[in-house]
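> Have a look at the structure that comes next, please.
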Amino acid sequence: MLNVYQVGKLMYILKTPPGIAEWKKDPEAMMDRFGLTEEDRGPIRDKVARPFYDAGLHAHLLGSGSRAMGLEPMAKYGNTSGTPTPEEAEERKKFSDKIATELGLITQTPVGR
């Protein structure tokens with residue numbers, strides 16, 4: 001089973017110029033740093049994004065991360081995101097906030113969450 005949480009953390013970092021530079025320098029070391037398994041690394045090495053989307057990785061993280069990694073664009077599959085239910089939207093917010101908090105990018109809970 002893909003570790004969507006760890007892949008999401010990696011892709012969050014790949015939204016930043018230092019993260020992109022680190023990825024270009026040594027992607028294997030970066031995947032080691034985030035504890036990715038061989039199963040997690042397979043789609044990355046094969047340059048495919050769809051397995052991460054199907055496993056539940058947030059579309060915004062997937063979009064920016066897959067561009068930095070050079071994965072195939074999700075647009076190839078048409079509209080894959082759809083409109084989330086209120087429960088799905090809340091779950092996505094919690095997931096993104098958890099990653100940002102762990103990375104020290106949020107030091108307090110945002111208002112309204």
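Identifiers in this document derive from the order of the structure tokens: chains are assigned A, B, ..., residues are numbered from 1 separately in each chain, and ligands are numbered from 1 in order of occurrence.
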Taking the backbone alone, and naming residues the way the document does, which bits of chain A are alpha helix (DSSP H) by DSSP, as a PyMOL selection string?
chain A and resi 4-13+17-25+27-33+38-46+50-54+59-69+86-102
> Which polymer residues have any atom within 12 Å of an atom of Asp40 (chain A), counting only C-alpha atoms, with same-chain residues fewer than 6 positions away left out, as number ranges by chain?
A: 1-8, 10, 28, 31-32, 34, 46-49, 51-52, 55
> For N, CA and C atoms, I'd like the residues from the last selection saved as a PDB file, in the first residue's frame.

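Writing done, so here's again-v6.pdb:
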```pdb
ATOM      1  N   MET A   1       0.833  -1.183   0.000  1.00  0.00           N
ATOM      2  CA  MET A   1       0.000   0.000   0.000  1.00  0.00           C
ATOM      3  C   MET A   1       0.881   1.250   0.000  1.00  0.00           C
ATOM      4  N   LEU A   2       0.558   2.195  -0.870  1.00  0.00           N
ATOM      5  CA  LEU A   2       1.340   3.420  -0.958  1.00  0.00           C
ATOM      6  C   LEU A   2       1.202   4.236   0.324  1.00  0.00           C
ATOM      7  N   ASN A   3       2.309   4.823   0.755  1.00  0.00           N
ATOM      8  CA  ASN A   3       2.312   5.671   1.936  1.00  0.00           C
ATOM      9  C   ASN A   3       2.014   7.106   1.495  1.00  0.00           C
ATOM     10  N   VAL A   4       0.735   7.391   1.341  1.00  0.00           N
ATOM     11  CA  VAL A   4       0.294   8.686   0.812  1.00  0.00           C
ATOM     12  C   VAL A   4       0.761   9.832   1.708  1.00  0.00           C
ATOM     13  N   TYR A   5       0.790   9.606   3.010  1.00  0.00           N
ATOM     14  CA  TYR A   5       1.191  10.665   3.935  1.00  0.00           C
ATOM     15  C   TYR A   5       2.635  11.100   3.690  1.00  0.00           C
ATOM     16  N   GLN A   6       3.555  10.135   3.619  1.00  0.00           N
ATOM     17  CA  GLN A   6       4.965  10.484   3.402  1.00  0.00           C
ATOM     18  C   GLN A   6       5.192  11.075   2.008  1.00  0.00           C
ATOM     19  N   VAL A   7       4.544  10.519   1.004  1.00  0.00           N
ATOM     20  CA  VAL A   7       4.664  11.074  -0.350  1.00  0.00           C
ATOM     21  C   VAL A   7       4.108  12.492  -0.370  1.00  0.00           C
ATOM     22  N   GLY A   8       3.000  12.726   0.344  1.00  0.00           N
ATOM     23  CA  GLY A   8       2.422  14.070   0.427  1.00  0.00           C
ATOM     24  C   GLY A   8       3.375  15.057   1.069  1.00  0.00           C
ATOM     25  N   LEU A  10       6.636  14.889   1.045  1.00  0.00           N
ATOM     26  CA  LEU A  10       7.676  15.144   0.044  1.00  0.00           C
ATOM     27  C   LEU A  10       7.169  16.135  -1.009  1.00  0.00           C
ATOM     28  N   GLU A  28      16.986  10.330  -5.006  1.00  0.00           N
ATOM     29  CA  GLU A  28      17.011   9.124  -4.162  1.00  0.00           C
ATOM     30  C   GLU A  28      17.268   9.483  -2.702  1.00  0.00           C
ATOM     31  N   MET A  31      14.095  10.883  -1.309  1.00  0.00           N
ATOM     32  CA  MET A  31      13.111   9.839  -1.028  1.00  0.00           C
ATOM     33  C   MET A  31      13.509   9.065   0.233  1.00  0.00           C
ATOM     34  N   ASP A  32      14.817   8.868   0.441  1.00  0.00           N
ATOM     35  CA  ASP A  32      15.299   8.246   1.675  1.00  0.00           C
ATOM     36  C   ASP A  32      14.909   9.093   2.883  1.00  0.00           C
ATOM     37  N   PHE A  34      12.475  11.030   3.356  1.00  0.00           N
ATOM     38  CA  PHE A  34      11.056  10.961   3.677  1.00  0.00           C
ATOM     39  C   PHE A  34      10.580   9.522   3.917  1.00  0.00           C
ATOM     40  N   ASP A  46       8.798   5.491 -12.474  1.00  0.00           N
ATOM     41  CA  ASP A  46       8.108   5.232 -13.744  1.00  0.00           C
ATOM     42  C   ASP A  46       7.477   6.489 -14.336  1.00  0.00           C
ATOM     43  N   LYS A  47       7.563   7.600 -13.594  1.00  0.00           N
ATOM     44  CA  LYS A  47       7.045   8.910 -14.035  1.00  0.00           C
ATOM     45  C   LYS A  47       5.527   8.924 -14.201  1.00  0.00           C
ATOM     46  N   VAL A  48       4.811   8.209 -13.307  1.00  0.00           N
ATOM     47  CA  VAL A  48       3.354   8.216 -13.359  1.00  0.00           C
ATOM     48  C   VAL A  48       2.787   8.757 -12.046  1.00  0.00           C
ATOM     49  N   ALA A  49       1.787   9.602 -12.150  1.00  0.00           N
ATOM     50  CA  ALA A  49       1.178  10.236 -10.984  1.00  0.00           C
ATOM     51  C   ALA A  49      -0.101   9.542 -10.543  1.00  0.00           C
ATOM     52  N   PRO A  51      -1.192   6.553  -9.655  1.00  0.00           N
ATOM     53  CA  PRO A  51      -1.316   5.710  -8.459  1.00  0.00           C
ATOM     54  C   PRO A  51      -1.440   6.515  -7.162  1.00  0.00           C
ATOM     55  N   PHE A  52      -0.780   7.661  -7.093  1.00  0.00           N
ATOM     56  CA  PHE A  52      -0.864   8.484  -5.895  1.00  0.00           C
ATOM     57  C   PHE A  52      -2.246   9.124  -5.772  1.00  0.00           C
ATOM     58  N   ALA A  55      -4.660   6.533  -4.672  1.00  0.00           N
ATOM     59  CA  ALA A  55      -4.455   6.170  -3.269  1.00  0.00           C
ATOM     60  C   ALA A  55      -4.940   7.261  -2.315  1.00  0.00           C
TER      61      ALA A  55
END
```
> With distances taken over only C-alpha atoms, which of A:Lys9, A:Arg33, A:His58, A:Arg50 is nearest to Lys98 (chain A)?
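That would be A:Lys9, the residue with the smallest distance to Lys98 (chain A).
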> What does the distance from CA of Met69 (chain A) to CA of Met11 (chain A) come to in Å, to one decimal?
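Rounded to one decimal, the two atoms are 8.7 Å apart.
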> Report, in Å with one decimal, the straight-line distance from CA of Pro43 (chain A) to CA of Arg67 (chain A).
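Answer for the CA of Pro43 (chain A) to CA of Arg67 (chain A) separation: 13.7 Å.
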> Would you compute the distance between CA of Arg45 (chain A) and CA of Leu71 (chain A)? Give it in Å to one decimal.
8.7 Å
> Within 12 Å of Arg92 (chain A), counting only C-alpha atoms, which residues show up once you throw out same-chain ones fewer than 3 positions away? Write them as a VMD selection string, please.
chain A and resid 5 8 56 to 61 84 to 89 95 to 99 113
